[in-house]
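Structure file protein-v3.csv; described as CSV, C-alpha atoms.
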chain,number,residue,atom,x,y,z
A,1433,MET,CA,89.4,186.5,112.8
A,1434,THR,CA,93.1,185.8,113.2
A,1435,GLU,CA,95.6,185.4,110.4
A,1436,VAL,CA,96.8,182.1,111.6
A,1437,SER,CA,94.6,179.0,111.9
A,1438,ILE,CA,94.9,175.3,112.7
A,1439,CYS,CA,93.4,173.0,110.1
A,1440,GLU,CA,91.0,170.6,111.9
A,1441,LYS,CA,90.0,168.3,109.0
A,1442,ALA,CA,91.5,167.1,105.6
A,1443,ARG,CA,95.0,168.3,106.6
A,1444,PRO,CA,97.4,168.4,103.6
A,1445,HIS,CA,100.1,165.8,103.5
A,1446,VAL,CA,103.3,165.1,101.8
A,1447,TYR,CA,103.7,161.4,100.9
A,1448,ALA,CA,106.9,159.8,99.9
A,1449,GLU,CA,108.3,156.3,99.4
A,1450,LEU,CA,112.0,155.4,99.7
A,1451,VAL,CA,113.3,152.0,98.5
A,1452,ALA,CA,116.7,151.0,99.8
A,1453,PRO,CA,119.3,149.8,97.2
A,1454,ASP,CA,119.2,146.1,96.6
A,1455,ASP,CA,122.6,145.5,98.2
A,1456,VAL,CA,121.6,147.2,101.5
A,1457,ASP,CA,120.2,144.9,104.2
A,1458,ASP,CA,120.7,146.7,107.5
A,1459,GLU,CA,118.0,147.9,109.8
A,1460,LEU,CA,120.1,150.8,111.1
A,1461,VAL,CA,120.8,151.9,107.5
A,1462,PHE,CA,117.0,151.9,106.9
A,1463,ALA,CA,116.6,153.9,110.2
A,1464,THR,CA,119.3,156.4,109.0
A,1465,MET,CA,117.3,157.0,105.8
A,1466,ALA,CA,114.2,157.8,107.8
A,1467,VAL,CA,116.1,160.0,110.3
A,1468,ASP,CA,117.8,161.9,107.5
A,1469,ALA,CA,114.4,162.6,105.9
A,1470,LEU,CA,113.1,163.9,109.2
A,1471,PHE,CA,115.9,166.3,109.8
A,1472,SER,CA,116.1,167.4,106.1
A,1473,LEU,CA,112.4,168.3,106.2
A,1474,GLY,CA,112.7,170.0,109.5
A,1475,ASP,CA,115.9,172.0,108.8
A,1476,GLY,CA,115.1,175.6,109.9
A,1477,LEU,CA,111.4,174.7,109.9
A,1478,PHE,CA,110.7,172.3,112.9
A,1479,GLU,CA,112.4,170.1,115.3
A,1480,PRO,CA,111.0,167.0,117.1
A,1481,LEU,CA,110.3,167.1,120.9
A,1482,ALA,CA,109.8,163.3,121.0
A,1483,VAL,CA,110.2,160.4,118.6
A,1484,ASN,CA,108.3,157.2,118.8
A,1485,VAL,CA,109.5,153.9,117.4
A,1486,GLU,CA,107.9,150.4,117.2
A,1487,VAL,CA,110.3,147.5,116.9
A,1488,ALA,CA,109.5,144.0,115.6
A,1489,CYS,CA,111.1,140.7,114.6
A,1490,CYS,CA,111.6,140.1,110.9
A,1491,ASP,CA,112.7,137.1,108.9
A,1492,THR,CA,116.4,137.1,108.2
A,1493,GLU,CA,116.1,136.1,104.5
A,1494,PHE,CA,113.5,138.6,103.2
A,1495,GLY,CA,113.4,141.2,106.1
A,1496,TYR,CA,109.6,141.3,106.4
A,1497,PRO,CA,108.1,141.9,109.8
A,1498,LEU,CA,106.6,138.9,111.6
A,1499,ILE,CA,103.6,138.5,113.9
A,1500,GLN,CA,105.6,136.1,116.0
A,1501,PRO,CA,108.0,136.1,117.7
A,1502,ARG,CA,108.0,139.6,119.1
A,1503,PRO,CA,110.6,141.6,121.0
A,1504,VAL,CA,110.1,141.8,124.8
A,1505,ALA,CA,109.4,145.6,124.5
A,1506,ARG,CA,107.8,146.8,121.3
A,1507,PHE,CA,107.0,150.5,121.8
A,1508,HIS,CA,109.6,153.1,122.6
A,1509,GLN,CA,109.9,156.9,122.9
A,1510,LEU,CA,112.9,159.2,123.0
A,1511,ARG,CA,111.8,162.5,124.6
A,1512,LEU,CA,113.5,165.8,125.3
A,1513,ALA,CA,113.9,166.2,129.0
A,1514,ALA,CA,113.3,170.0,128.8
A,1515,SER,CA,110.1,170.3,126.7
A,1516,PRO,CA,108.0,173.4,127.3
A,1517,GLU,CA,105.6,173.1,130.2
A,1518,THR,CA,102.6,174.0,128.0
A,1519,VAL,CA,103.2,171.0,125.7
A,1520,MET,CA,101.7,167.5,126.2
A,1521,ILE,CA,103.9,164.8,124.6
A,1522,PRO,CA,101.4,162.2,123.3
A,1523,GLU,CA,102.0,158.6,124.4
A,1524,ILE,CA,100.6,157.0,121.3
A,1525,TRP,CA,101.0,153.4,122.5
A,1526,SER,CA,100.3,151.5,125.7
A,1527,GLU,CA,103.3,149.8,127.4
A,1528,LEU,CA,105.5,152.6,126.1
A,1529,LEU,CA,109.0,152.8,127.3
A,1530,VAL,CA,110.2,156.4,127.6
A,1531,ARG,CA,113.8,157.6,127.6
A,1532,LEU,CA,114.7,161.2,128.3
A,1533,THR,CA,117.5,163.0,126.5
A,1534,GLU,CA,119.2,166.4,126.9
A,1535,ARG,CA,119.2,166.9,123.1
A,1536,LEU,CA,117.2,165.3,120.2
A,1537,ASP,CA,119.4,165.7,117.2
A,1538,ARG,CA,120.4,163.3,114.5
A,1539,ALA,CA,123.3,161.8,116.4
A,1540,ALA,CA,121.3,161.3,119.6
A,1541,LEU,CA,118.4,159.7,117.7
A,1542,LEU,CA,120.6,157.3,115.7
A,1543,HIS,CA,122.5,156.3,118.8
A,1544,TRP,CA,119.2,155.5,120.5
A,1545,LEU,CA,117.8,153.6,117.6
A,1546,GLY,CA,121.0,151.5,117.3
A,1547,THR,CA,120.8,150.7,121.0
A,1548,LEU,CA,117.1,149.6,120.6
A,1549,LEU,CA,118.0,147.3,117.7
A,1550,ALA,CA,120.8,145.8,119.7
A,1551,GLU,CA,118.9,145.3,123.0
A,1552,GLN,CA,115.6,144.0,121.7
A,1553,GLN,CA,116.8,140.6,120.6
A,1554,CYS,CA,114.4,138.2,118.8
A,1555,SER,CA,114.2,134.6,120.1
A,1556,GLN,CA,114.4,132.6,116.9
A,1557,SER,CA,117.6,132.0,115.0
A,1558,ASP,CA,116.2,132.8,111.6
A,1559,THR,CA,114.9,136.3,112.7
A,1560,ARG,CA,116.5,139.7,113.4
A,1561,THR,CA,115.3,142.8,115.2
A,1562,SER,CA,113.7,145.4,112.9
A,1563,TRP,CA,111.7,148.7,113.3
A,1564,THR,CA,108.3,149.2,111.6
A,1565,GLU,CA,107.3,152.7,112.5
A,1566,LEU,CA,108.9,156.0,113.4
A,1567,ILE,CA,106.3,158.6,114.5
A,1568,VAL,CA,106.7,162.3,115.5
A,1569,GLU,CA,103.6,164.0,117.0
A,1570,ALA,CA,105.2,166.7,119.1
A,1571,VAL,CA,107.3,169.4,117.5
A,1572,ARG,CA,108.7,172.9,118.0
A,1573,ALA,CA,108.1,174.9,114.7
A,1574,ARG,CA,109.7,178.2,113.6
A,1575,LEU,CA,107.1,180.8,112.8
A,1576,PRO,CA,107.5,182.5,109.4
A,1577,GLU,CA,108.7,186.1,110.0
A,1578,ALA,CA,105.6,187.6,108.4
A,1579,THR,CA,103.4,186.1,111.2
A,1580,SER,CA,105.5,187.6,114.0
A,1581,HIS,CA,103.5,190.9,114.0
A,1582,GLY,CA,100.5,188.9,115.3
A,1583,VAL,CA,102.3,188.1,118.5
A,1584,GLU,CA,100.8,190.1,121.3
A,1585,SER,CA,103.4,192.4,123.0
A,1586,GLY,CA,103.9,191.7,126.6
A,1587,SER,CA,102.2,188.3,126.6
A,1588,ASN,CA,104.3,186.3,124.0
A,1589,GLU,CA,101.2,184.7,122.7
A,1590,LEU,CA,99.9,184.3,119.2
A,1591,PRO,CA,96.1,184.2,118.6
A,1592,VAL,CA,95.4,181.2,116.5
A,1593,SER,CA,92.0,180.1,115.2
A,1594,GLU,CA,90.9,176.6,115.8
A,1595,GLY,CA,87.3,175.7,114.8
A,1596,ALA,CA,84.9,178.3,116.2
A,1597,GLY,CA,87.4,179.4,118.9
A,1598,VAL,CA,90.8,181.1,119.3
A,1599,ILE,CA,93.8,179.7,121.1
A,1600,ARG,CA,96.3,182.0,122.6
A,1601,TYR,CA,99.3,180.0,121.6
A,1602,PRO,CA,102.5,180.4,123.6
A,1603,VAL,CA,105.5,181.7,121.6
A,1604,GLU,CA,109.2,181.2,122.4
A,1605,ARG,CA,111.9,183.5,121.2
A,1606,ILE,CA,115.1,181.5,120.5
A,1607,GLY,CA,117.9,183.6,119.0
A,1608,ASP,CA,116.3,185.8,116.4
A,1609,ALA,CA,113.4,183.5,115.6
A,1610,LEU,CA,109.9,182.9,117.1
A,1611,TRP,CA,108.8,179.3,117.7
A,1612,VAL,CA,105.6,177.5,118.7
A,1613,ALA,CA,105.7,174.1,120.4
A,1614,GLY,CA,102.8,171.6,120.4
A,1615,PRO,CA,100.5,169.9,120.9
A,1616,LEU,CA,99.3,172.0,123.9
A,1617,ALA,CA,98.3,170.2,127.0
A,1618,ALA,CA,95.1,172.1,127.0
A,1619,SER,CA,94.3,171.4,123.3
A,1620,SER,CA,95.4,168.2,121.6
A,1621,GLY,CA,96.1,167.9,117.9
A,1622,THR,CA,97.6,171.4,117.7
A,1623,ALA,CA,101.2,170.6,116.7
A,1624,ALA,CA,102.2,172.5,113.5
A,1625,PHE,CA,103.5,169.3,111.9
A,1626,GLY,CA,103.4,165.5,112.2
A,1627,LEU,CA,105.5,162.8,110.6
A,1628,ARG,CA,105.2,159.1,110.3
A,1629,VAL,CA,107.6,156.7,108.5
A,1630,THR,CA,106.9,153.0,108.1
A,1631,ASN,CA,109.5,150.4,107.2
A,1632,GLU,CA,108.9,147.1,105.5
A,1633,ALA,CA,112.1,145.3,104.5
A,1634,GLY,CA,113.7,148.6,103.5
A,1635,CYS,CA,110.7,150.0,101.7
A,1636,LEU,CA,110.0,153.2,103.5
A,1637,SER,CA,106.8,155.2,103.3
A,1638,LEU,CA,106.7,158.7,104.7
A,1639,ASP,CA,103.6,160.8,105.6
A,1640,TRP,CA,104.3,164.4,106.6
A,1641,SER,CA,101.2,166.3,107.8
A,1642,LEU,CA,100.9,170.1,107.5
A,1643,ASN,CA,98.5,171.5,110.2
A,1644,TRP,CA,98.8,175.3,110.3
A,1645,SER,CA,97.6,177.8,107.7
A,1646,PRO,CA,101.0,179.6,107.1
A,1647,TRP,CA,102.4,176.4,105.7
A,1648,ILE,CA,99.2,175.3,104.0
A,1649,ASP,CA,97.7,178.3,102.2
A,1650,GLN,CA,98.9,179.0,98.6
A,1651,ASP,CA,99.9,182.5,99.7
A,1652,GLY,CA,100.9,181.5,103.2
A,1653,ALA,CA,104.0,183.0,104.7
A,1654,GLY,CA,105.5,179.6,105.3
A,1655,ARG,CA,104.7,178.1,101.9
A,1656,PRO,CA,108.3,178.8,100.5
A,1657,ASP,CA,109.7,176.9,103.5
A,1658,ILE,CA,107.6,173.8,102.6
A,1659,GLU,CA,108.7,174.0,99.0
A,1660,ALA,CA,112.4,174.4,100.1
A,1661,ALA,CA,112.0,171.3,102.3
A,1662,ILE,CA,110.7,169.2,99.4
A,1663,ARG,CA,113.6,170.5,97.3
A,1664,ARG,CA,116.0,169.3,100.0
A,1665,LEU,CA,114.7,165.8,99.6
A,1666,SER,CA,115.2,166.0,95.9
A,1667,ALA,CA,118.7,167.2,96.4
A,1668,MET,CA,119.4,164.1,98.6
A,1669,GLY,CA,118.6,161.9,95.6
A,1670,TRP,CA,114.9,161.5,95.9
A,1671,ASP,CA,112.7,161.5,92.8
A,1672,VAL,CA,109.8,163.8,94.0
A,1673,THR,CA,106.7,164.1,91.9
A,1674,PRO,CA,103.9,166.4,93.2
A,1675,ASP,CA,100.4,164.9,92.9
A,1676,PRO,CA,97.4,166.8,91.5
A,1677,GLY,CA,96.2,167.7,95.0
A,1678,GLY,CA,99.1,170.1,95.5
A,1679,TYR,CA,101.3,169.1,98.5
A,1680,GLY,CA,101.1,165.3,98.2
A,1681,THR,CA,104.2,163.8,96.8
A,1682,SER,CA,105.4,160.4,95.7
A,1683,ALA,CA,109.1,159.8,95.9
A,1684,ARG,CA,111.3,156.9,95.2
A,1685,TYR,CA,115.0,156.5,95.9
A,1686,ARG,CA,117.2,156.0,92.9

Could you render the structure as structure tokens?
Amino acid sequence: MTEVSICEKARPHVYAELVAPDDVDDELVFATMAVDALFSLGDGLFEPLAVNVEVACCDTEFGYPLIQPRPVARFHQLRLAASPETVMIPEIWSELLVRLTERLDRAALLHWLGTLLAEQQCSQSDTRTSWTELIVEAVRARLPEATSHGVESGSNELPVSEGAGVIRYPVERIGDALWVAGPLAASSGTAAFGLRVTNEAGCLSLDWSLNWSPWIDQDGAGRPDIEAAIRRLSAMGWDVTPDPGGYGTSARYR
């Protein structure tokens, strides 16, 4: 048995809802709220290797997404040009347009989103370009210090249990920290975290999945990092209320 395992089923989630103020009616502002949540949760914990976005047309008056018309290109991905060779970046949609970037930080992501909204024009005069989903399925996660003793010397691999087997997970040393990037090309569904944010007229719903035991177990070495991430959301003005299941949260912007 190893001390670190990947949860295969019933993965814990953090859920949140964010409602934009009534006087805000700008898709890029809504995108900024989602991006700020992503980087607040990930601060010192994980960083995206790729971000997927679906764009749509919405009615100008109320801002709700429409079935018709549609932008010429709906599905987009901003991907790090230098991701680890062992990682497979999922292409979650067909007809996905991929753009490579040398860095994937807040500024680069918001610039890309602003460009998408400007380029993907809707054909009807009473519509505007919106985004409906922002999805992260590939990340680099910082291992809690207490798990570093499990890294095998000489191989830079961490034995991780998955189901009945064990994956020898590649570990990167960046500065004074150890990081794991996933999902692996040889084993899908092994990323440490996943994130999905949906947007409907400025009503944002966030689903953050926790997939590895150090961040899931009550006594896990990464549990304090999860609690700190949720506190960061609260400090940004979110009203966070844990649900009876433990990690699930419901949050509303004030």

- [ ] Give me the residues within 12 Å of range 1547-1551 of chain A as a PyMOL selection string, counting only C-alpha atoms and dropping any in the same chain fewer than 6 places off.
- [x] chain A and resi 1458-1463+1484-1490+1503-1510+1529-1531+1540-1541+1560-1564

Range 1443-1549 of chain A residues near range 1631-1648 of chain A within 7 Å, closest pair each, using only C-alpha atoms, as a Markdown table:
| residue | atom | partner | partner_atom | distance |
| --- | --- | --- | --- | --- |
| A:Arg1443 | CA | A:Asn1643 | CA | 6.0 |
| A:Pro1444 | CA | A:Leu1642 | CA | 5.5 |
| A:His1445 | CA | A:Ser1641 | CA | 4.5 |
| A:Val1446 | CA | A:Trp1640 | CA | 5.0 |
| A:Tyr1447 | CA | A:Asp1639 | CA | 4.7 |
| A:Ala1448 | CA | A:Leu1638 | CA | 4.9 |
| A:Glu1449 | CA | A:Ser1637 | CA | 4.3 |
| A:Leu1450 | CA | A:Leu1636 | CA | 4.8 |
| A:Val1451 | CA | A:Cys1635 | CA | 4.6 |
| A:Ala1452 | CA | A:Gly1634 | CA | 5.3 |
| A:Phe1462 | CA | A:Gly1634 | CA | 5.8 |
| A:Phe1494 | CA | A:Ala1633 | CA | 7.0 |
| A:Gly1495 | CA | A:Ala1633 | CA | 4.6 |
| A:Tyr1496 | CA | A:Ala1633 | CA | 5.1 |
| A:Pro1497 | CA | A:Glu1632 | CA | 6.8 |

Open item on the list: For a test of reading the model, state the distance in Å between CA of Leu1473 in chain A and CA of Ile1658 in chain A, rounded to one decimal.
Closed with: 8.1 Å

Task: Proximity to Asp1558 in chain A - best of A:Ala1539, A:Leu1616, A:Leu1498, A:Ala1609, only C-alpha atoms - done: A:Leu1498

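Minimum atom-to-atom distance to Glu1594 in chain A, evaluated using all atoms listed in the file, belongs to A:Glu1440 out of A:Glu1565, A:Glu1435, A:Glu1479, A:Glu1440.
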
Counting all atoms listed in the file, what is within 8 Å of Ala1623 in chain A, bar same-chain residues fewer than 4 positions away, as a compact mmCIF listing (two decimals) with C-alpha atoms, in the coordinates of the input?
# COMPACT_ATOMS: atom_id res chain seq x y z
CA GLU A 1569 103.60 164.00 117.00
CA ALA A 1570 105.20 166.70 119.10
CA VAL A 1571 107.30 169.40 117.50
CA ARG A 1572 108.70 172.90 118.00
CA ALA A 1613 105.70 174.10 120.40
CA GLY A 1614 102.80 171.60 120.40
CA PRO A 1615 100.50 169.90 120.90
CA LEU A 1616 99.30 172.00 123.90
CA ASN A 1643 98.50 171.50 110.20

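Between CA of Ala1618 in chain A and CA of Ser1437 in chain A lies a distance of 16.6 Å.
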